[in-house]
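Structure file protein.cif (mmCIF, C-alpha atoms) is printed below.
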data_run
#
loop_
_atom_site.label_atom_id
_atom_site.label_comp_id
_atom_site.auth_asym_id
_atom_site.auth_seq_id
_atom_site.Cartn_x
_atom_site.Cartn_y
_atom_site.Cartn_z
CA MET A 1 110.31 100.94 134.55
CA THR A 2 110.57 98.21 131.93
CA ASP A 3 113.82 96.27 131.71
CA TYR A 4 114.50 96.63 128.00
CA LYS A 5 117.91 96.21 126.44
CA LEU A 6 119.05 96.63 122.86
CA VAL A 7 122.38 95.09 121.89
CA LEU A 8 124.13 95.83 118.58
CA GLU A 9 126.93 93.38 117.84
CA ASN A 10 129.48 93.94 115.04
CA LEU A 11 126.87 95.60 112.87
CA VAL A 12 127.99 96.13 109.26
CA LYS A 13 125.93 97.41 106.35
CA TYR A 14 126.87 97.65 102.69
CA PHE A 15 124.69 98.91 99.85
CA GLY A 16 126.27 97.13 96.91
CA ARG A 17 129.97 97.87 97.31
CA ARG A 18 129.40 101.05 99.32
CA LEU A 19 130.07 100.73 103.03
CA VAL A 20 127.43 102.50 105.10
CA PHE A 21 128.86 101.65 108.52
CA SER A 22 131.07 99.02 110.04
CA GLN A 23 131.52 97.29 113.39
CA ILE A 24 128.90 99.07 115.46
CA ASN A 25 128.90 97.59 118.96
CA GLN A 26 126.53 99.30 121.37
CA ILE A 27 124.23 98.52 124.26
CA PHE A 28 121.17 100.67 124.92
CA THR A 29 119.03 100.29 128.02
CA SER A 30 115.57 101.52 129.01
CA GLY A 31 115.16 104.69 130.99
CA ASN A 32 117.40 106.64 128.66
CA VAL A 33 117.34 108.67 125.45
CA TYR A 34 120.18 107.82 123.05
CA GLY A 35 121.13 109.83 119.99
CA ILE A 36 122.46 108.80 116.61
CA SER A 37 124.02 111.66 114.69
CA GLY A 38 125.75 112.12 111.37
CA PRO A 39 125.48 114.24 108.23
CA ASN A 40 122.83 113.66 105.55
CA GLY A 41 123.28 110.31 103.81
CA SER A 42 125.60 108.98 106.52
CA GLY A 43 123.37 105.99 107.33
CA LYS A 44 121.36 107.09 110.39
CA SER A 45 118.08 105.98 108.85
CA THR A 46 119.64 102.72 107.66
CA LEU A 47 120.78 101.98 111.21
CA VAL A 48 117.37 102.67 112.76
CA LYS A 49 115.66 100.58 110.08
CA ILE A 50 117.99 97.68 110.90
CA ILE A 51 117.25 98.11 114.62
CA ALA A 52 113.51 98.07 113.85
CA ASN A 53 113.99 94.88 111.78
CA ILE A 54 112.74 96.59 108.61
CA ILE A 55 115.93 95.85 106.69
CA SER A 56 118.67 93.31 107.32
CA PRO A 57 122.29 94.10 108.17
CA THR A 58 125.02 92.75 105.90
CA ARG A 59 126.74 91.28 108.94
CA GLY A 60 126.26 91.40 112.69
CA THR A 61 123.23 91.05 114.91
CA VAL A 62 120.63 93.17 116.67
CA VAL A 63 119.29 91.64 119.85
CA HIS A 64 116.24 93.01 121.67
CA LEU A 65 115.90 91.81 125.26
CA LEU A 66 112.95 92.28 127.58
CA SER A 67 113.75 91.28 131.19
CA ASP A 68 116.82 89.45 129.82
CA SER A 69 114.71 87.30 127.46
CA ILE A 70 115.39 87.62 123.74
CA ILE A 71 112.42 88.92 121.77
CA ILE A 72 111.94 86.80 118.65
CA PRO A 73 111.64 88.78 115.34
CA GLU A 74 107.96 87.78 114.90
CA LYS A 75 107.10 89.40 118.25
CA LEU A 76 109.30 92.47 117.80
CA LEU A 77 106.54 94.61 116.26
CA GLU A 78 104.70 94.58 119.58
CA HIS A 79 107.64 96.20 121.33
CA ILE A 80 108.70 98.83 118.80
CA GLY A 81 107.32 102.29 118.12
CA PHE A 82 108.74 103.99 115.04
CA VAL A 83 108.51 107.56 113.75
CA ALA A 84 110.18 108.75 110.55
CA PRO A 85 109.56 111.32 107.81
CA TYR A 86 109.46 108.47 105.24
CA LEU A 87 106.69 106.70 107.12
CA TYR A 88 103.21 107.32 105.68
CA LEU A 89 99.77 106.60 107.06
CA TYR A 90 96.65 105.93 104.98
CA ASP A 91 95.49 109.23 103.50
CA GLU A 92 91.97 108.05 102.73
CA PHE A 93 91.14 107.30 106.38
CA THR A 94 90.64 109.63 109.32
CA ALA A 95 93.30 109.73 112.05
CA GLU A 96 91.18 107.60 114.37
CA GLU A 97 90.27 105.12 111.61
CA ASN A 98 93.98 104.69 110.87
CA LEU A 99 94.66 103.89 114.51
CA ILE A 100 91.71 101.48 114.76
CA HIS A 101 92.91 99.61 111.66
CA PHE A 102 96.46 99.46 113.01
CA SER A 103 95.30 98.08 116.37
CA ASN A 104 93.14 95.44 114.65
CA ILE A 105 95.98 94.38 112.35
CA ARG A 106 98.31 94.16 115.35
CA GLY A 107 95.72 91.91 116.95
CA ILE A 108 95.16 94.17 119.95
CA LYS A 109 92.08 96.00 121.19
CA PHE A 110 91.94 99.66 120.18
CA ASP A 111 92.79 101.61 123.35
CA LYS A 112 90.46 104.58 122.95
CA GLU A 113 91.52 106.15 126.24
CA ARG A 114 95.21 106.04 125.30
CA ALA A 115 94.41 107.38 121.82
CA GLU A 116 92.43 110.30 123.29
CA PHE A 117 95.27 111.04 125.72
CA LEU A 118 97.80 111.13 122.86
CA PHE A 119 95.47 113.13 120.60
CA ARG A 120 95.17 115.71 123.39
CA LYS A 121 98.89 115.65 124.15
CA LEU A 122 99.74 116.32 120.52
CA ASN A 123 96.95 118.81 119.95
CA LEU A 124 95.07 116.76 117.36
CA ILE A 125 91.92 116.00 119.34
CA ASP A 126 89.75 118.38 117.28
CA ARG A 127 90.96 116.91 114.00
CA LYS A 128 90.90 113.20 114.84
CA ASP A 129 87.82 112.59 112.71
CA ASP A 130 89.22 114.36 109.65
CA ILE A 131 90.60 112.46 106.69
CA ILE A 132 94.36 112.86 106.94
CA ARG A 133 94.73 113.83 103.27
CA GLY A 134 93.77 117.31 104.49
CA TYR A 135 96.37 117.39 107.27
CA SER A 136 99.41 119.66 107.14
CA SER A 137 102.84 117.99 107.18
CA GLY A 138 103.30 118.99 110.84
CA MET A 139 99.97 117.42 111.81
CA LYS A 140 100.89 114.23 109.96
CA GLN A 141 104.20 114.16 111.83
CA ARG A 142 102.39 114.50 115.19
CA LEU A 143 99.96 111.75 114.18
CA LYS A 144 102.93 109.45 113.54
CA PHE A 145 103.83 109.81 117.23
CA ILE A 146 100.35 108.61 118.19
CA PHE A 147 100.76 105.68 115.76
CA ALA A 148 104.12 104.86 117.35
CA LEU A 149 103.02 105.11 120.98
CA LEU A 150 99.45 103.79 120.94
CA HIS A 151 100.43 100.17 121.64
CA ARG A 152 102.73 101.22 124.54
CA PRO A 153 106.04 99.99 123.04
CA GLN A 154 109.16 99.61 125.17
CA CYS A 155 111.57 100.61 122.41
CA ILE A 156 110.79 103.91 120.70
CA ILE A 157 112.80 104.71 117.58
CA LEU A 158 112.57 108.26 116.31
CA ASP A 159 114.19 109.20 113.01
CA GLU A 160 114.23 112.99 112.63
CA PRO A 161 111.39 113.35 115.14
CA THR A 162 110.91 117.09 114.74
CA SER A 163 110.94 117.37 110.94
CA ASN A 164 108.03 119.55 109.72
CA LEU A 165 107.18 120.63 113.28
CA ASP A 166 106.82 124.24 114.46
CA ASN A 167 108.20 125.35 117.84
CA ASN A 168 105.02 124.45 119.67
CA GLY A 169 104.98 121.02 118.03
CA LYS A 170 108.63 120.48 118.95
CA GLU A 171 107.95 121.34 122.61
CA ARG A 172 105.06 118.87 122.76
CA VAL A 173 107.19 116.16 121.16
CA TYR A 174 110.14 116.81 123.50
CA ASP A 175 107.81 116.54 126.51
CA LEU A 176 106.50 113.26 125.20
CA ILE A 177 110.01 111.89 124.54
CA LEU A 178 111.20 112.72 128.05
CA GLU A 179 108.05 111.23 129.56
CA GLU A 180 108.42 108.00 127.57
CA ALA A 181 112.13 107.78 128.42
CA LYS A 182 111.30 107.53 132.13
CA SER A 183 110.27 103.92 131.58
CA ASN A 184 111.26 103.01 128.04
CA LEU A 185 114.22 103.06 125.69
CA VAL A 186 114.19 105.98 123.24
CA LEU A 187 116.53 106.24 120.27
CA VAL A 188 116.72 109.53 118.36
CA ALA A 189 118.42 109.76 114.96
CA SER A 190 118.80 113.40 114.06
CA ASN A 191 121.03 116.29 113.03
CA GLU A 192 119.12 118.85 115.06
CA ASP A 193 121.05 120.07 118.09
CA SER A 194 117.82 120.56 120.04
CA ASP A 195 116.83 116.91 119.40
CA LEU A 196 120.25 115.61 120.42
CA ALA A 197 120.23 117.78 123.54
CA LEU A 198 117.67 115.38 125.02
CA CYS A 199 120.06 112.45 124.72
CA LYS A 200 122.17 110.94 127.47
CA ASN A 201 124.64 109.59 124.97
CA VAL A 202 125.12 110.33 121.25
CA ILE A 203 126.88 108.03 118.81
CA SER A 204 128.18 109.45 115.56
CA ILE A 205 127.83 107.26 112.48
CA GLU A 206 130.94 108.95 111.07
CA ASN A 207 133.01 107.02 113.62
CA TYR A 208 131.96 103.74 112.01
CA LYS A 209 132.92 104.37 108.42
CA GLN A 210 136.18 102.41 108.31
CA ASN A 211 136.16 98.85 107.09
CA LYS A 212 137.77 96.92 109.93
CA THR A 213 137.01 93.44 108.59
CA MET B 1 92.01 87.36 112.43
CA LYS B 2 94.91 89.78 111.88
CA ALA B 3 94.92 88.88 108.17
CA TYR B 4 91.18 89.50 108.05
CA SER B 5 91.73 92.93 109.68
CA LEU B 6 94.31 93.76 107.01
CA PHE B 7 91.88 92.60 104.32
CA LYS B 8 89.17 94.77 105.91
CA LYS B 9 91.49 97.79 105.84
CA ASP B 10 92.32 97.11 102.18
CA TRP B 11 88.69 96.62 101.23
CA GLN B 12 87.58 99.85 102.93
CA SER B 13 90.50 101.64 101.29
CA GLU B 14 89.50 100.19 97.92
CA LEU B 15 85.90 101.33 98.35
CA ARG B 16 87.15 104.87 99.01
CA THR B 17 89.88 105.10 96.39
CA ARG B 18 88.59 102.63 93.73
CA TYR B 19 92.16 101.90 92.60
CA ALA B 20 91.56 98.32 91.44
CA ILE B 21 87.77 98.12 90.98
CA ASN B 22 87.61 100.96 88.45
CA SER B 23 90.49 99.69 86.33
CA LEU B 24 89.08 96.15 86.39
CA ALA B 25 85.55 97.27 85.49
CA MET B 26 86.77 99.46 82.64
CA PHE B 27 89.03 96.73 81.32
CA ILE B 28 86.26 94.12 81.34
CA LEU B 29 83.82 96.50 79.66
CA VAL B 30 86.25 97.63 76.96
CA THR B 31 87.61 94.15 76.19
CA ILE B 32 84.22 92.48 75.86
CA SER B 33 82.93 95.40 73.75
CA VAL B 34 85.94 95.13 71.42
CA ILE B 35 85.41 91.38 71.05
CA LEU B 36 81.71 91.90 70.27
CA PHE B 37 82.46 94.65 67.70
CA SER B 38 85.18 92.62 66.01
CA ILE B 39 82.99 89.50 65.76
CA GLY B 40 80.04 91.48 64.39
CA SER B 41 77.41 89.11 62.99
CA GLU B 42 79.92 86.26 62.45
CA LYS B 43 79.21 82.96 64.17
CA ILE B 44 82.07 81.77 66.37
CA THR B 45 82.50 78.30 67.80
CA GLY B 46 81.95 77.40 71.43
CA TYR B 47 85.60 76.41 71.86
CA LEU B 48 86.68 79.84 70.64
CA THR B 49 84.41 81.66 73.14
CA GLY B 50 85.79 79.39 75.87
CA GLY B 51 89.30 80.47 74.86
CA LEU B 52 88.27 84.12 74.72
CA LEU B 53 86.81 83.85 78.23
CA TRP B 54 90.18 82.89 79.72
CA VAL B 55 92.02 85.47 77.58
CA VAL B 56 89.78 88.21 78.99
CA ILE B 57 90.22 86.83 82.52
CA PHE B 58 94.02 86.66 82.14
CA PHE B 59 94.39 90.24 80.89
CA SER B 60 91.85 91.61 83.40
CA ALA B 61 93.91 90.01 86.17
CA MET B 62 96.97 91.74 84.70
CA SER B 63 95.24 95.12 84.80
CA GLY B 64 93.99 95.17 88.37
CA LEU B 65 95.43 92.55 90.68
CA SER B 66 98.88 94.07 91.08
CA ARG B 67 97.29 96.95 93.01
CA ALA B 68 97.34 94.96 96.27
CA PHE B 69 101.05 95.66 96.76
CA VAL B 70 101.77 98.36 94.18
CA SER B 71 99.35 100.83 95.81
CA GLU B 72 101.12 100.35 99.17
CA GLU B 73 104.49 100.97 97.52
CA GLU B 74 103.27 104.02 95.59
CA ARG B 75 101.70 105.60 98.66
CA GLY B 76 104.78 104.84 100.75
CA THR B 77 102.80 102.79 103.29
CA THR B 78 104.88 99.64 102.86
CA MET B 79 106.98 100.53 105.88
CA THR B 80 103.86 101.13 107.96
CA LEU B 81 102.76 97.58 107.15
CA HIS B 82 106.23 96.34 108.11
CA LEU B 83 105.77 97.91 111.53
CA ILE B 84 102.32 96.55 112.31
CA ALA B 85 102.10 93.08 110.78
CA SER B 86 104.15 89.94 110.29
CA THR B 87 104.91 88.75 106.76
CA THR B 88 102.40 85.89 107.05
CA THR B 89 99.66 88.32 108.07
CA ILE B 90 100.51 90.67 105.20
CA PHE B 91 100.53 87.95 102.55
CA SER B 92 97.35 86.34 103.90
CA GLY B 93 95.53 89.70 104.05
CA LYS B 94 96.53 90.63 100.51
CA LEU B 95 95.63 87.14 99.27
CA ILE B 96 92.12 87.35 100.76
CA PHE B 97 91.71 90.74 99.06
CA ASN B 98 92.84 89.40 95.68
CA LEU B 99 90.70 86.27 96.06
CA LEU B 100 87.62 88.42 96.54
CA LEU B 101 88.57 90.63 93.60
CA VAL B 102 89.27 87.63 91.32
CA PHE B 103 85.99 85.92 92.21
CA LEU B 104 84.00 89.12 91.67
CA MET B 105 85.80 89.91 88.41
CA ASN B 106 85.54 86.39 86.97
CA PHE B 107 81.92 86.01 88.01
CA VAL B 108 81.06 89.22 86.10
CA ILE B 109 83.11 88.18 83.03
CA THR B 110 81.59 84.68 82.93
CA PHE B 111 78.09 86.06 83.42
CA LEU B 112 78.62 88.52 80.54
CA PHE B 113 79.91 85.69 78.33
CA PHE B 114 76.80 83.62 79.11
CA ILE B 115 74.43 86.40 78.12
CA LEU B 116 76.39 87.96 75.23
CA PHE B 117 77.81 84.93 73.37
CA GLU B 118 75.26 82.46 71.99
CA SER B 119 77.88 79.78 71.42
CA PHE B 120 79.10 79.84 75.04
CA ILE B 121 77.18 76.77 76.18
CA ILE B 122 78.39 74.66 79.09
CA LYS B 123 76.98 71.12 79.11
CA ASN B 124 78.66 69.93 82.32
CA PHE B 125 78.15 72.85 84.68
CA LEU B 126 79.60 71.05 87.70
CA LEU B 127 82.91 70.47 85.90
CA PHE B 128 83.02 74.10 84.80
CA THR B 129 82.33 75.22 88.39
CA PHE B 130 85.23 73.06 89.64
CA ALA B 131 87.55 74.55 87.01
CA PHE B 132 86.28 78.07 87.77
CA LEU B 133 86.85 77.74 91.55
CA LEU B 134 90.29 76.13 91.31
CA GLY B 135 91.33 78.48 88.50
CA ASN B 136 90.32 81.56 90.47
CA ILE B 137 92.32 80.40 93.48
CA GLY B 138 95.36 79.80 91.24
CA ILE B 139 95.06 83.20 89.57
CA ALA B 140 94.66 84.97 92.94
CA VAL B 141 97.65 83.24 94.56
CA SER B 142 99.94 83.74 91.55
CA SER B 143 98.88 87.36 91.06
CA THR B 144 99.47 88.16 94.73
CA ILE B 145 103.04 86.84 94.87
CA ILE B 146 103.91 88.39 91.48
CA ALA B 147 102.46 91.71 92.68
CA ALA B 148 104.72 91.51 95.75
CA ILE B 149 107.76 90.91 93.54
CA ILE B 150 107.03 93.69 91.06
CA SER B 151 106.09 96.25 93.72
CA LYS B 152 109.81 96.50 94.52
CA ALA B 153 110.78 97.05 90.86
CA SER B 154 110.96 100.38 89.04
CA SER B 155 109.09 99.34 85.86
CA LYS B 156 106.07 97.78 87.51
CA GLY B 157 103.63 98.06 84.58
CA THR B 158 105.79 96.10 82.15
CA LEU B 159 107.12 93.56 84.58
CA TYR B 160 103.73 92.30 85.79
CA PRO B 161 102.52 90.70 82.52
CA VAL B 162 106.07 89.57 81.67
CA LEU B 163 106.39 87.67 84.96
CA SER B 164 102.78 86.52 85.01
CA PHE B 165 102.80 84.95 81.56
CA PRO B 166 105.13 81.99 82.28
CA ILE B 167 103.67 81.49 85.77
CA LEU B 168 100.02 81.58 84.70
CA LEU B 169 100.48 79.76 81.37
CA PRO B 170 100.19 76.18 82.75
CA LEU B 171 97.12 77.25 84.71
CA ILE B 172 95.42 78.92 81.74
CA LEU B 173 96.19 75.97 79.42
CA THR B 174 94.64 73.53 81.90
CA LEU B 175 91.62 75.80 82.36
CA LEU B 176 91.17 76.01 78.58
CA GLU B 177 91.21 72.24 78.38
CA LEU B 178 88.70 71.86 81.22
CA THR B 179 86.38 74.49 79.71
CA LYS B 180 86.46 72.53 76.45
CA PHE B 181 85.61 69.33 78.34
CA ALA B 182 82.75 71.10 80.15
CA MET B 183 81.42 72.33 76.79
CA ASP B 184 81.61 68.80 75.38
CA GLY B 185 79.72 67.47 78.40
CA ASN B 186 82.55 65.22 79.61
CA SER B 187 82.16 63.80 83.11
CA ILE B 188 84.37 64.78 86.06
CA ASN B 189 85.92 61.29 85.99
CA ASP B 190 87.07 61.86 82.40
CA SER B 191 88.70 65.16 83.42
CA ILE B 192 90.25 64.03 86.70
CA VAL B 193 93.85 64.46 85.46
CA GLU B 194 93.29 68.14 84.61
CA ILE B 195 91.48 68.76 87.91
CA LEU B 196 94.39 67.17 89.80
CA VAL B 197 96.82 69.36 87.85
CA LEU B 198 94.83 72.42 88.96
CA ILE B 199 94.80 71.29 92.59
CA CYS B 200 98.57 70.63 92.47
CA TYR B 201 99.20 74.04 90.86
CA ASP B 202 97.21 75.80 93.60
CA VAL B 203 98.93 73.91 96.42
CA ILE B 204 102.43 74.43 94.95
CA MET B 205 101.86 78.15 94.31
CA LEU B 206 100.39 78.68 97.77
CA THR B 207 103.23 76.86 99.53
CA ALA B 208 105.96 78.50 97.44
CA SER B 209 104.40 81.94 97.96
CA TYR B 210 104.32 81.64 101.75
CA LEU B 211 107.91 80.37 101.77
CA LEU B 212 109.22 83.07 99.44
CA PHE B 213 107.26 86.06 100.68
CA ASP B 214 109.54 86.72 103.65
CA PHE B 215 112.54 87.13 101.30
CA ILE B 216 110.60 89.29 98.85
CA TRP B 217 109.10 91.56 101.47
CA LYS B 218 112.16 92.26 103.59
CA GLU B 219 114.88 94.33 101.92
#
Structure re-expressed in C-alpha cells:
Amino acid sequence: MTDYKLVLENLVKYFGRRLVFSQINQIFTSGNVYGISGPNGSGKSTLVKIIANIISPTRGTVVHLLSDSIIIPEKLLEHIGFVAPYLYLYDEFTAEENLIHFSNIRGIKFDKERAEFLFRKLNLIDRKDDIIRGYSSGMKQRLKFIFALLHRPQCIILDEPTSNLDNNGKERVYDLILEEAKSNLVLVASNEDSDLALCKNVISIENYKQNKT
Amino acid sequence: MKAYSLFKKDWQSELRTRYAINSLAMFILVTISVILFSIGSEKITGYLTGGLLWVVIFFSAMSGLSRAFVSEEERGTTMTLHLIASTTTIFSGKLIFNLLLVFLMNFVITFLFFILFESFIIKNFLLFTFAFLLGNIGIAVSSTIIAAIISKASSKGTLYPVLSFPILLPLILTLLELTKFAMDGNSINDSIVEILVLICYDVIMLTASYLLFDFIWKE
C-alpha cells in the first residue's frame, strides 16, 4: 500500500463576496474511501478542484504527502486521477488515441497492458478504436475512469462518479473504487447514497458554511 | 518533449476538425480577392503593397490564431489539460502550434503577394527574410498569450482584436518600416535599429508570456 496523505489546513473559498466554505481542516490517508457530501451548489466540486490544484483556495493550504515528503505542485499531476461530469476528452480521437496522447503529454510511456485491463474492466474493449464523438454519455463517463487511472495515481478524486451510469456501469465502477482504495486514497464527492455508502468517513460541506475568521 | 506531444495532439486534432486552417484559408482568400477587385486596373505603389501585406497578415492572425486556447475552452477540455500538463508545457505546446500556423499562413500570403501584385518587389531579400522570421515569431508569441487571456472571457470574438491591436501595433509598425527598407534595397546595417527592436519585442513578449501564463491559466 502506498503511504499517501492529504492534509487540508484552514481551507476557505470565496467566489466574490459569497462564501463557499470556511475553515476546512481534514486529513485523508491512503487505503480508504472518503466522501464529501452536500446539496447541489454547496461547493463539493469547488473543494475537489482545489484539492486537485485546478483552482486556488482563497485562504488555507492543501498539502499532498507521499511517504511523508511533500509533493510539489509541478509534480502533483503524476499523483492525481480525476473524474468529473464537467471533464471532457477529445471527441475527434478514438478512446485509445486519447489515452496515448495523454500519456505522451504526461511524459510517460503508454501502458497498453494497463489500458487493456481497464478497457476490459469497464466494458469498453470492443469500442476502444471508435471515435468518442459516437459514445453514449455513460460510455464517456466510464472512459474518464480509464483516463484517471491509467497512470496509476495514488490520489483518486471522483466528483459524482456514477453520473450517467446504468446499474451495470455503477457496479463496475464501485468494484474499481474498492479495488483502488486497497492501496490508494480515494475521495468521492457525491449526493448519491450508494456512492457515499462506499466511504469510511463522509464530510458534509454544509458544516463549513460559517465564516469563522 | 511533453510540449511537442501537446503540439502533436493539437496538430492531429486540427487536421481532423480544421478549426483554424479553414478559417485562415478562407480569410486569406477573401481578403486578397477583395483587395484585387478594389484595385482593379489601378497601379499601386510598392510601399502600399508592403503595407497591405502586413494588414492582411494582422487580420488573418486575428481570425485564426485564437483557436489554440478558445477551442479547448469551447470543447470543455481545458480541465483535462490542467490534469495532464504543467503550465509551461501547455504554453510551449500551444506556442509551437501557433508558430507553425503563422509561418504557414504568412508564407502563403507573401507568396500570393509576390505573384499577384506587380509592384511588390523586394530588393534586399535577406533583410525581408529577417523581418519575416522575427515578425512571425512576434505575432505567434503575442497571439498565443492573448488567446489564453481571451479564452477565459465571455465575448471572445470582440476581445481578441481589441487586445491584439495595442500589443501588435509596435511590431507591425516596425515590420512596415523594415519592409519599406527591403523594398528600397537598404542594407542590414542601415536597418539594424529596427531589427534590434524586433528582437527585443520577441524576447520581451516571450519572457512576459511565460511569467504571466501561470496566473492566466489557473483560476
I'd like to see the residues matched by the PyMOL selection byres ((chain A and resi 41) around 12) on this file, and ideally I'd get them as a ChimeraX atom specification. /A:18-21,37-40,42-47,190-191,205-206
Go ahead and write the selection's residues with C-alpha atoms as a PDB file, in the coordinates of the input.
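Written out: again.pdb:
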ATOM      1  CA  ARG A  18     129.400 101.050  99.320  1.00  0.00           C
ATOM      2  CA  LEU A  19     130.070 100.730 103.030  1.00  0.00           C
ATOM      3  CA  VAL A  20     127.430 102.500 105.100  1.00  0.00           C
ATOM      4  CA  PHE A  21     128.860 101.650 108.520  1.00  0.00           C
ATOM      5  CA  SER A  37     124.020 111.660 114.690  1.00  0.00           C
ATOM      6  CA  GLY A  38     125.750 112.120 111.370  1.00  0.00           C
ATOM      7  CA  PRO A  39     125.480 114.240 108.230  1.00  0.00           C
ATOM      8  CA  ASN A  40     122.830 113.660 105.550  1.00  0.00           C
ATOM      9  CA  SER A  42     125.600 108.980 106.520  1.00  0.00           C
ATOM     10  CA  GLY A  43     123.370 105.990 107.330  1.00  0.00           C
ATOM     11  CA  LYS A  44     121.360 107.090 110.390  1.00  0.00           C
ATOM     12  CA  SER A  45     118.080 105.980 108.850  1.00  0.00           C
ATOM     13  CA  THR A  46     119.640 102.720 107.660  1.00  0.00           C
ATOM     14  CA  LEU A  47     120.780 101.980 111.210  1.00  0.00           C
ATOM     15  CA  SER A 190     118.800 113.400 114.060  1.00  0.00           C
ATOM     16  CA  ASN A 191     121.030 116.290 113.030  1.00  0.00           C
ATOM     17  CA  ILE A 205     127.830 107.260 112.480  1.00  0.00           C
ATOM     18  CA  GLU A 206     130.940 108.950 111.070  1.00  0.00           C
TER      19      GLU A 206
END
Once the PyMOL selection byres ((chain A and resi 61-64) around 9) is applied to the coordinates I shared, what remains selected? I want it as number ranges by chain. A: 4-12, 50-51, 53, 57, 59-60, 65-66, 68-73, 76, 155
Starting from the displayed file, determine the output of the PyMOL selection byres ((chain B) within 6 of (chain A)) and express the residue list as a list in words. Lys2, Ser5, Leu6, Gly76, Thr77, Leu83, Ile84 and Glu219 of chain B
Using only C-alpha atoms, which residue out of B:Val193, B:Ile90, B:Leu104, B:Leu134 lies closest to Tyr210 of chain B?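 The shortest atom-to-atom distance to Tyr210 of chain B comes from B:Ile90.
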I'd like the neighbourhood of segment 113-127 of chain B as a compact mmCIF listing (two decimals) with C-alpha atoms, keeping the file's coordinate frame, where a residue qualifies if any of its atoms comes within 7 Å (using all atoms listed in the file), though same-chain residues fewer than 5 positions away should be ignored.
# COMPACT_ATOMS: atom_id res chain seq x y z
CA ILE B 44 82.07 81.77 66.37
CA THR B 45 82.50 78.30 67.80
CA GLY B 46 81.95 77.40 71.43
CA THR B 49 84.41 81.66 73.14
CA GLY B 50 85.79 79.39 75.87
CA ALA B 182 82.75 71.10 80.15
CA MET B 183 81.42 72.33 76.79
CA ASP B 184 81.61 68.80 75.38
CA GLY B 185 79.72 67.47 78.40
CA ASN B 186 82.55 65.22 79.61
CA ILE B 188 84.37 64.78 86.06
How far is it from atom CA of Leu48 of chain B to atom CA of Phe27 of chain B, in Å with one decimal?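 Interatomic distance here is 20.1 Å.
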Please provide as a ChimeraX atom specification all residues within 10 Å of Leu168 of chain B, with the sequence filter that same-chain residues fewer than 3 positions apart are discarded (counting only C-alpha atoms). /B:58,135,138-139,142-143,161,163-165,171-173,201
As a PyMOL selection string, please: the residues near Lys94 of chain B (cut-off 9 Å, all atoms listed in the file, same-chain neighbours under 2 positions excluded). chain B and resi 3+6-7+10+68-69+89-92+96-99+144
For a test of reading the model, state the distance in Å between atom CA of Ala95 of chain A and atom CA of Asn22 of chain B, rounded to one decimal.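 Straight-line distance from atom CA of Ala95 of chain A to atom CA of Asn22 of chain B works out to 25.8 Å.
Between atom CA of Tyr160 of chain B and atom CA of Leu212 of chain B lies a distance of 17.4 Å.
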Using only C-alpha atoms, which residues sit within 8 Å of segment 120-124 of chain A once same-chain residues fewer than 6 positions away are excluded, as a list of chain:residue names? A:Met139, A:Arg142, A:Leu143, A:Gly169, A:Arg172, A:Val173
As lines of an AutoDock Vina configuration file, please: the centre and edge lengths in Å, to one decimal, of an axis-aligned box enclosing every listed atom of segment 2-18 of chain A with 6 Å added on each side.
center_x = 120.3
center_y = 97.2
center_z = 114.4
size_x = 31.4
size_y = 19.7
size_z = 47.0
Residue with smallest distance to Tyr34 of chain A - pool A:Ile125, A:Leu165, A:Leu118, A:Val48, counting all atoms listed in the file: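 So, comparing all the options, the nearest one is A:Val48.
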Protein and nucleic acid residues near (92.8, 97.5, 92.7) (cut-off 7 Å, all atoms listed in the file) as a list of chain:residue names: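 Residues with an atom close enough to that point: B:Glu14, B:Arg18, B:Tyr19, B:Ala20, B:Ile21, B:Gly64, B:Leu65, B:Arg67, B:Ala68.
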